[in-house]
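Q: Next comes the structure file protein-v2.cif, holding mmCIF, N, CA and C atoms.
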data_work
#
loop_
_atom_site.label_atom_id
_atom_site.label_comp_id
_atom_site.auth_asym_id
_atom_site.auth_seq_id
_atom_site.Cartn_x
_atom_site.Cartn_y
_atom_site.Cartn_z
N MET S 1 35.11 37.14 -71.64
CA MET S 1 35.94 38.32 -71.56
C MET S 1 36.31 38.73 -72.98
N LYS S 2 36.35 40.03 -73.19
CA LYS S 2 36.68 40.59 -74.51
C LYS S 2 37.71 41.68 -74.31
N LYS S 3 38.78 41.65 -75.07
CA LYS S 3 39.81 42.68 -75.03
C LYS S 3 39.41 43.82 -75.95
N VAL S 4 39.47 45.08 -75.44
CA VAL S 4 39.13 46.25 -76.25
C VAL S 4 40.31 47.20 -76.29
N SER S 5 40.36 48.00 -77.33
CA SER S 5 41.43 48.99 -77.49
C SER S 5 41.02 50.31 -76.85
N ILE S 6 42.00 51.08 -76.43
CA ILE S 6 41.77 52.42 -75.90
C ILE S 6 42.40 53.40 -76.89
N SER S 7 41.59 54.36 -77.36
CA SER S 7 42.08 55.32 -78.35
C SER S 7 43.01 56.34 -77.69
N THR S 8 43.64 57.14 -78.52
CA THR S 8 44.53 58.19 -78.00
C THR S 8 43.75 59.24 -77.22
N LYS S 9 42.42 59.28 -77.40
CA LYS S 9 41.56 60.19 -76.64
C LYS S 9 40.96 59.50 -75.42
N ARG S 10 41.50 58.33 -75.04
CA ARG S 10 41.06 57.54 -73.90
C ARG S 10 39.64 56.99 -74.07
N GLN S 11 39.22 56.73 -75.29
CA GLN S 11 37.88 56.22 -75.56
C GLN S 11 37.93 54.73 -75.84
N ILE S 12 36.86 54.04 -75.44
CA ILE S 12 36.73 52.62 -75.76
C ILE S 12 35.39 52.42 -76.46
N THR S 13 35.26 51.30 -77.15
CA THR S 13 34.00 50.91 -77.75
C THR S 13 33.52 49.67 -77.02
N ILE S 14 32.30 49.75 -76.48
CA ILE S 14 31.72 48.60 -75.79
C ILE S 14 31.26 47.62 -76.86
N PRO S 15 31.71 46.37 -76.80
CA PRO S 15 31.26 45.39 -77.79
C PRO S 15 29.73 45.32 -77.83
N LEU S 16 29.15 45.23 -79.03
CA LEU S 16 27.71 45.25 -79.23
C LEU S 16 27.00 44.20 -78.37
N LYS S 17 27.56 43.01 -78.28
CA LYS S 17 26.95 41.94 -77.48
C LYS S 17 26.75 42.39 -76.03
N PHE S 18 27.77 43.00 -75.44
CA PHE S 18 27.68 43.47 -74.04
C PHE S 18 26.75 44.67 -73.94
N PHE S 19 26.85 45.59 -74.90
CA PHE S 19 26.02 46.80 -74.93
C PHE S 19 24.54 46.42 -74.91
N THR S 20 24.17 45.49 -75.75
CA THR S 20 22.78 45.05 -75.85
C THR S 20 22.36 44.23 -74.64
N MET S 21 23.17 43.27 -74.24
CA MET S 21 22.86 42.38 -73.13
C MET S 21 22.61 43.15 -71.83
N LEU S 22 23.39 44.21 -71.60
CA LEU S 22 23.30 44.95 -70.35
C LEU S 22 22.36 46.15 -70.42
N GLY S 23 21.84 46.45 -71.59
CA GLY S 23 20.86 47.52 -71.74
C GLY S 23 21.44 48.93 -71.71
N PHE S 24 22.64 49.11 -72.26
CA PHE S 24 23.22 50.45 -72.34
C PHE S 24 22.38 51.30 -73.29
N ASP S 25 22.39 52.63 -73.04
CA ASP S 25 21.72 53.57 -73.94
C ASP S 25 22.72 54.67 -74.27
N THR S 26 22.60 55.85 -73.68
CA THR S 26 23.49 56.95 -74.03
C THR S 26 24.45 57.34 -72.91
N GLU S 27 24.27 56.78 -71.71
CA GLU S 27 25.15 57.11 -70.58
C GLU S 27 25.56 55.86 -69.84
N ALA S 28 26.73 55.95 -69.21
CA ALA S 28 27.23 54.86 -68.38
C ALA S 28 27.80 55.42 -67.09
N GLU S 29 27.70 54.65 -66.02
CA GLU S 29 28.36 55.00 -64.77
C GLU S 29 29.72 54.34 -64.80
N CYS S 30 30.71 55.02 -64.28
CA CYS S 30 32.07 54.52 -64.29
C CYS S 30 32.63 54.63 -62.88
N MET S 31 33.21 53.53 -62.37
CA MET S 31 33.77 53.55 -61.02
C MET S 31 34.97 52.62 -60.94
N VAL S 32 35.79 52.83 -59.94
CA VAL S 32 36.94 51.96 -59.69
C VAL S 32 36.56 51.04 -58.54
N ARG S 33 36.75 49.75 -58.73
CA ARG S 33 36.51 48.75 -57.69
C ARG S 33 37.79 47.93 -57.57
N GLY S 34 38.55 48.18 -56.48
CA GLY S 34 39.85 47.53 -56.33
C GLY S 34 40.77 48.03 -57.43
N ASN S 35 41.26 47.10 -58.25
CA ASN S 35 42.11 47.51 -59.38
C ASN S 35 41.39 47.33 -60.71
N GLU S 36 40.06 47.40 -60.68
CA GLU S 36 39.25 47.24 -61.89
C GLU S 36 38.45 48.50 -62.18
N LEU S 37 38.22 48.76 -63.45
CA LEU S 37 37.35 49.83 -63.89
C LEU S 37 36.01 49.19 -64.24
N VAL S 38 34.94 49.67 -63.62
CA VAL S 38 33.61 49.08 -63.82
C VAL S 38 32.73 50.09 -64.56
N LEU S 39 32.13 49.65 -65.65
CA LEU S 39 31.16 50.46 -66.41
C LEU S 39 29.81 49.76 -66.31
N ARG S 40 28.78 50.53 -66.04
CA ARG S 40 27.44 49.95 -66.05
C ARG S 40 26.47 50.97 -66.60
N PRO S 41 25.37 50.49 -67.21
CA PRO S 41 24.42 51.42 -67.81
C PRO S 41 23.73 52.26 -66.75
N VAL S 42 23.43 53.51 -67.09
CA VAL S 42 22.66 54.38 -66.22
C VAL S 42 21.20 54.02 -66.42
N ARG S 43 20.52 53.78 -65.33
CA ARG S 43 19.09 53.45 -65.38
C ARG S 43 18.31 54.73 -65.11
N ILE S 44 17.51 55.13 -66.07
CA ILE S 44 16.71 56.35 -65.93
C ILE S 44 15.29 55.95 -65.56
N MET S 45 14.83 56.47 -64.42
CA MET S 45 13.47 56.20 -63.97
C MET S 45 12.55 57.21 -64.64
N ARG S 46 11.56 56.73 -65.32
CA ARG S 46 10.61 57.62 -65.98
C ARG S 46 9.57 58.09 -64.95
N GLU S 47 9.22 59.37 -65.02
CA GLU S 47 8.26 59.92 -64.08
C GLU S 47 6.84 59.50 -64.47
N ALA S 48 6.09 58.98 -63.50
CA ALA S 48 4.70 58.59 -63.74
C ALA S 48 3.79 59.81 -63.79
N SER S 49 4.13 60.83 -63.03
CA SER S 49 3.36 62.07 -63.03
C SER S 49 4.29 63.22 -62.70
N SER S 50 3.78 64.43 -62.78
CA SER S 50 4.62 65.59 -62.49
C SER S 50 5.02 65.67 -61.03
N GLN S 51 4.31 64.96 -60.14
CA GLN S 51 4.63 65.00 -58.72
C GLN S 51 5.45 63.79 -58.28
N SER S 52 5.82 62.91 -59.18
CA SER S 52 6.51 61.68 -58.80
C SER S 52 7.93 61.92 -58.31
N ARG S 53 8.46 63.12 -58.51
CA ARG S 53 9.81 63.39 -58.03
C ARG S 53 9.85 63.54 -56.51
N PHE S 54 8.68 63.67 -55.88
CA PHE S 54 8.62 63.80 -54.43
C PHE S 54 8.39 62.42 -53.82
N TRP S 55 9.23 62.05 -52.89
CA TRP S 55 9.12 60.74 -52.24
C TRP S 55 8.00 60.78 -51.21
N ARG S 56 7.26 59.73 -51.15
CA ARG S 56 6.22 59.61 -50.13
C ARG S 56 6.62 58.55 -49.14
N ILE S 57 6.44 58.87 -47.87
CA ILE S 57 6.83 57.91 -46.81
C ILE S 57 5.60 57.44 -46.10
#
Here is a file; write its structure as structure tokens.
A:
Amino acid sequence: MKKVSISTKRQITIPLKFFTMLGFDTEAECMVRGNELVLRPVRIMREASSQSRFWRI
């Protein structure tokens, strides 16, 4: 566990160790779970082709 500061603009800095270990890039998902704030990296799926956005069943 690591204690972080919250700026007057409500910003935090994710410690580099956690940032790297969890694979953060430029965006994070933020949610409330019980009485905790959860941040996790956004996973971006790269398109294999121009038609990959359509799901096949």
Q: Tell me which residues the PyMOL selection byres ((chain S and resi 29) around 7) grabs here, as a PyMOL selection string.
A: chain S and resi 27-28+30-31+38-42
Q: Give the answer as one residue: which of S:Leu37, S:Arg43, S:Val32, S:Lys2 has the shortest atom-to-atom distance to S:Pro15, using only N, CA and C atoms?
A: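 Nearest to S:Pro15: S:Lys2.
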Q: Provide the atom N of S:Glu36 to atom CA of S:Lys9 distance in Å, to one decimal place.
A: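 Computed distance, atom N of S:Glu36 to atom CA of S:Lys9, equals 20.5 Å.
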Q: Grab the atom CA of S:Phe19 to atom N of S:Val4 distance for me, in Å with one decimal place.
A: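 Separating atom CA of S:Phe19 from atom N of S:Val4 is a distance of 13.6 Å.
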